[in-house]
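Novice: First, the structure itself, so that you have it in front of you.
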Amino acid sequence: MRVRAAAGVLAGALVLSALALPAVAQTSERSGVSTELRTFGSKTVLPNDSLGGTEFSKAVINGGKDIVLGTTTKKSVTVTYTAANENGIALSVAYLWQGTDSSTVEGITGSLGTDENVECTESTTQIGVYSCKGVFNLDAASDFQGNGAAGTWKLFLGAYDLYANASVDDNVATTKIKRAAKLTVNASPEPVKKGKTITVTGKLSRANWTTGKYAGYATQPVKLQFRKKGSTTYTTVKTVKSSSTGALKTTTKAGLDGYYRFAFAGTTTTGSVSAAGDFVDVK
């Protein structure tokens, strides 16, 4: 049996908005929603009678990968999970949120909801066990108003069973939402005599969600890597640090024809990136 979550499934106080979170990073324009969440979280975190609660498990966000966004990135992020309740599932909701306490306005610093209703399908072999799927359609330009949004986000799941008992878990799983990075590289002179010095320059920058532009990423370790002509594998030559403006500059000795690139491993708030290789012809 397929259950498509809809506010009309339940009446009165059991409307979907009771589980709604405010918009991202304390920039909500949805009047009263924070109060609704606080009230719900403080009073109905557990089922209200002995009929039992919904257990959430096997949650996977974005296929288990980090969510990396530039300044204008639009990305659909899927969450899948299992919801189990012997009394069935009337509806389920999913949110990504950032903060310390989902039951208080002050404890929520950011939140994202699914644009469409979560869909849950009951198992054909296990009564009361549902496979659920929701999609977060993210727009970096409008959803993230500050760089503080980068980092760890938690998955908030809620459900009502067929007897109108509410269950929530505000930390079923976590994901990283990161600022996208860019890298450039230029190796010169080209061509160069074997044994002579090659100077490699470039720049490491990352998305700034406050300004909507990319800016230099300072004092970060970046690897200079080399791939000889005819090979598919890069090897690390050395590690250098970006300057206060994100600039990169280093030297190496010319040996074989091949490609030079910079590679950045990323941080807890910034995605990894590698520059396209720059070919140097060694005479």
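FYI, nothing fancy with the structure tokens labels: chains A, B, ... in order, residues from 1 per chain, ligands from 1 as they appear.
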Could you give me, as a PyMOL selection string, the residues within 9 Å of stretch 170-181 of chain A, counting only C-alpha atoms and dropping anything in the same chain fewer than 3 positions from it?
Specialist: chain A and resi 56-62+64-71+95-97+101-102+147+149-158+204-209+214+217+264+266-273
Novice: Show which residues sit within 6 Å of stretch 136-140 of chain A, as a PDB file with N, CA, C and O atoms, in the first residue's frame. Count only C-alpha atoms, and ignore same-chain residues fewer than 3 positions away.
Specialist:
ATOM      1  N   THR A  71      27.535  29.130  -5.466  1.00  0.00           N
ATOM      2  CA  THR A  71      26.729  30.313  -5.124  1.00  0.00           C
ATOM      3  C   THR A  71      25.357  30.280  -5.770  1.00  0.00           C
ATOM      4  O   THR A  71      24.411  30.896  -5.267  1.00  0.00           O
ATOM      5  N   THR A  72      25.220  29.575  -6.887  1.00  0.00           N
ATOM      6  CA  THR A  72      23.932  29.529  -7.592  1.00  0.00           C
ATOM      7  C   THR A  72      23.482  28.099  -7.874  1.00  0.00           C
ATOM      8  O   THR A  72      22.583  27.875  -8.674  1.00  0.00           O
ATOM      9  N   THR A  73      24.082  27.129  -7.210  1.00  0.00           N
ATOM     10  CA  THR A  73      23.759  25.724  -7.451  1.00  0.00           C
ATOM     11  C   THR A  73      22.319  25.398  -7.095  1.00  0.00           C
ATOM     12  O   THR A  73      21.826  25.785  -6.035  1.00  0.00           O
ATOM     13  N   LYS A  74      21.664  24.675  -7.983  1.00  0.00           N
ATOM     14  CA  LYS A  74      20.355  24.097  -7.700  1.00  0.00           C
ATOM     15  C   LYS A  74      20.516  22.581  -7.723  1.00  0.00           C
ATOM     16  O   LYS A  74      20.995  22.030  -8.705  1.00  0.00           O
ATOM     17  N   LYS A  75      20.119  21.928  -6.651  1.00  0.00           N
ATOM     18  CA  LYS A  75      20.388  20.497  -6.532  1.00  0.00           C
ATOM     19  C   LYS A  75      19.224  19.788  -5.843  1.00  0.00           C
ATOM     20  O   LYS A  75      18.699  20.285  -4.838  1.00  0.00           O
ATOM     21  N   SER A  76      18.831  18.658  -6.387  1.00  0.00           N
ATOM     22  CA  SER A  76      17.806  17.823  -5.761  1.00  0.00           C
ATOM     23  C   SER A  76      18.499  16.767  -4.913  1.00  0.00           C
ATOM     24  O   SER A  76      19.294  15.975  -5.429  1.00  0.00           O
ATOM     25  N   VAL A  77      18.220  16.769  -3.625  1.00  0.00           N
ATOM     26  CA  VAL A  77      18.844  15.850  -2.679  1.00  0.00           C
ATOM     27  C   VAL A  77      17.786  14.876  -2.165  1.00  0.00           C
ATOM     28  O   VAL A  77      16.770  15.290  -1.604  1.00  0.00           O
ATOM     29  N   THR A 114      11.195  19.360   2.536  1.00  0.00           N
ATOM     30  CA  THR A 114      10.972  18.800   1.207  1.00  0.00           C
ATOM     31  C   THR A 114       9.904  19.629   0.489  1.00  0.00           C
ATOM     32  O   THR A 114       8.932  20.065   1.106  1.00  0.00           O
ATOM     33  N   ASP A 143      18.372  29.676  -0.540  1.00  0.00           N
ATOM     34  CA  ASP A 143      18.245  28.897   0.695  1.00  0.00           C
ATOM     35  C   ASP A 143      19.323  29.197   1.726  1.00  0.00           C
ATOM     36  O   ASP A 143      19.126  28.951   2.912  1.00  0.00           O
ATOM     37  N   PHE A 144      20.471  29.689   1.279  1.00  0.00           N
ATOM     38  CA  PHE A 144      21.583  29.921   2.200  1.00  0.00           C
ATOM     39  C   PHE A 144      21.973  31.390   2.182  1.00  0.00           C
ATOM     40  O   PHE A 144      22.543  31.890   1.217  1.00  0.00           O
TER      41      PHE A 144
END
Novice: Give me, as CSV, each residue of stretch 52-88 of chain A that comes within 6 Å of stretch 115-130 of chain A, together with its shortest interatomic pair and the distance in Å at one decimal, counting only C-alpha atoms, with rows ordered by chain and rising residue number.
Specialist:
residue,atom,partner,partner_atom,distance
A:Thr82,CA,A:Tyr130,CA,5.6
A:Ala83,CA,A:Tyr130,CA,5.2
A:Ala84,CA,A:Val129,CA,4.4
A:Asn85,CA,A:Gly128,CA,5.0
A:Glu86,CA,A:Gly128,CA,4.7
A:Gly88,CA,A:Gly128,CA,5.0
Novice: Please produce a file of those selected residues containing all heavy atoms, as a compact mmCIF listing (two decimals), in the first residue's frame.
Specialist:
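For reference, part_7.txt as written:
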# COMPACT_ATOMS: atom_id res chain seq x y z
N THR A 82 13.52 3.97 6.44
CA THR A 82 12.49 3.00 6.80
C THR A 82 11.74 3.51 8.02
O THR A 82 12.35 3.97 8.98
CB THR A 82 13.12 1.63 7.11
OG1 THR A 82 13.77 1.14 5.94
CG2 THR A 82 12.05 0.63 7.54
N ALA A 83 10.42 3.46 7.95
CA ALA A 83 9.57 3.80 9.09
C ALA A 83 8.74 2.57 9.45
O ALA A 83 8.07 2.01 8.57
CB ALA A 83 8.67 4.98 8.74
N ALA A 84 8.80 2.15 10.69
CA ALA A 84 8.12 0.93 11.11
C ALA A 84 7.16 1.22 12.26
O ALA A 84 7.55 1.82 13.27
CB ALA A 84 9.12 -0.13 11.52
N ASN A 85 5.91 0.81 12.09
CA ASN A 85 4.90 0.96 13.13
C ASN A 85 3.82 -0.08 12.88
O ASN A 85 3.21 -0.11 11.80
CB ASN A 85 4.31 2.36 13.11
CG ASN A 85 3.47 2.66 14.34
OD1 ASN A 85 2.69 1.83 14.79
ND2 ASN A 85 3.61 3.86 14.87
N GLU A 86 3.56 -0.90 13.88
CA GLU A 86 2.56 -1.96 13.72
C GLU A 86 1.16 -1.41 13.49
O GLU A 86 0.27 -2.11 13.01
CB GLU A 86 2.56 -2.87 14.94
CG GLU A 86 2.21 -2.17 16.23
CD GLU A 86 2.28 -3.08 17.43
OE1 GLU A 86 2.73 -4.23 17.28
OE2 GLU A 86 1.88 -2.64 18.53
N GLY A 88 0.61 1.10 11.45
CA GLY A 88 0.61 1.75 10.16
C GLY A 88 1.14 3.17 10.21
O GLY A 88 1.38 3.74 11.28
Novice: Identify, on the basis of only C-alpha atoms, every residue whose closest approach to A:Lys249 does not exceed 7 Å; exclude the query and any residue fewer than 4 positions from it along the same chain; express the result as a list in words.
Specialist: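 After dropping sequence-adjacent residues, the list is Val200, Thr201 and Gly202 of chain A.
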Novice: So that I have them on file, write out the residues from the current selection with all heavy atoms, as an mmCIF file, in the first residue's frame.
Specialist:
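Below is the file that was written, selection19.cif:
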data_model
loop_
_atom_site.group_PDB
_atom_site.id
_atom_site.type_symbol
_atom_site.label_atom_id
_atom_site.label_comp_id
_atom_site.auth_asym_id
_atom_site.auth_seq_id
_atom_site.Cartn_x
_atom_site.Cartn_y
_atom_site.Cartn_z
ATOM 1 N N VAL A 200 54.746 26.926 -10.991
ATOM 2 C CA VAL A 200 53.327 26.562 -11.062
ATOM 3 C C VAL A 200 52.540 27.523 -10.171
ATOM 4 O O VAL A 200 52.824 27.650 -8.977
ATOM 5 C CB VAL A 200 53.088 25.109 -10.604
ATOM 6 C CG1 VAL A 200 51.634 24.714 -10.874
ATOM 7 C CG2 VAL A 200 54.037 24.158 -11.321
ATOM 8 N N THR A 201 51.582 28.202 -10.773
ATOM 9 C CA THR A 201 50.757 29.155 -10.019
ATOM 10 C C THR A 201 49.279 28.783 -10.157
ATOM 11 O O THR A 201 48.875 28.023 -11.038
ATOM 12 C CB THR A 201 50.951 30.591 -10.539
ATOM 13 O OG1 THR A 201 50.595 30.634 -11.926
ATOM 14 C CG2 THR A 201 52.388 31.046 -10.361
ATOM 15 N N GLY A 202 48.474 29.336 -9.282
ATOM 16 C CA GLY A 202 47.038 29.085 -9.336
ATOM 17 C C GLY A 202 46.332 29.808 -8.214
ATOM 18 O O GLY A 202 46.918 30.642 -7.507
#
Novice: Would you mind writing down, as a ChimeraX atom specification, each residue of stretch 76-218 of chain A that DSSP on the backbone assigns to helix (DSSP H, G or I)?
Specialist: /A:140-143,147-149
Novice: Can you work out which one of A:Thr199, A:Ala141, A:Gly246, A:Ser92 has the shortest atom-to-atom distance to A:Lys213, counting only C-alpha atoms?
Specialist: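 Checking each candidate against A:Lys213, we get A:Ala141 as the closest.
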Novice: Of the candidates A:Gly277, A:Gly63, A:Gly230, A:Gly216, which shows the shortest atom-to-atom distance to A:Leu248, using only C-alpha atoms?
Specialist: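 Distance minimum relative to A:Leu248 lands on A:Gly216.
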Novice: Neighbours of A:Ala90 within 6 Å (only C-alpha atoms; same-chain residues fewer than 5 positions away dropped), as a ChimeraX atom specification?
Specialist: /A:160-162
Novice: Could you turn the residues from that selection into a file that holds N, CA and C atoms, as a compact mmCIF listing (two decimals), in the first residue's frame?
Specialist:
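Okay, result.txt is ready:
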# COMPACT_ATOMS: atom_id res chain seq x y z
N TYR A 160 2.87 10.20 11.84
CA TYR A 160 1.65 9.87 12.58
C TYR A 160 1.21 8.48 12.17
N ASP A 161 0.83 7.65 13.16
CA ASP A 161 0.27 6.34 12.81
C ASP A 161 -1.22 6.49 12.52
N LEU A 162 -1.87 5.40 12.22
CA LEU A 162 -3.27 5.45 11.84
C LEU A 162 -4.19 5.77 13.01
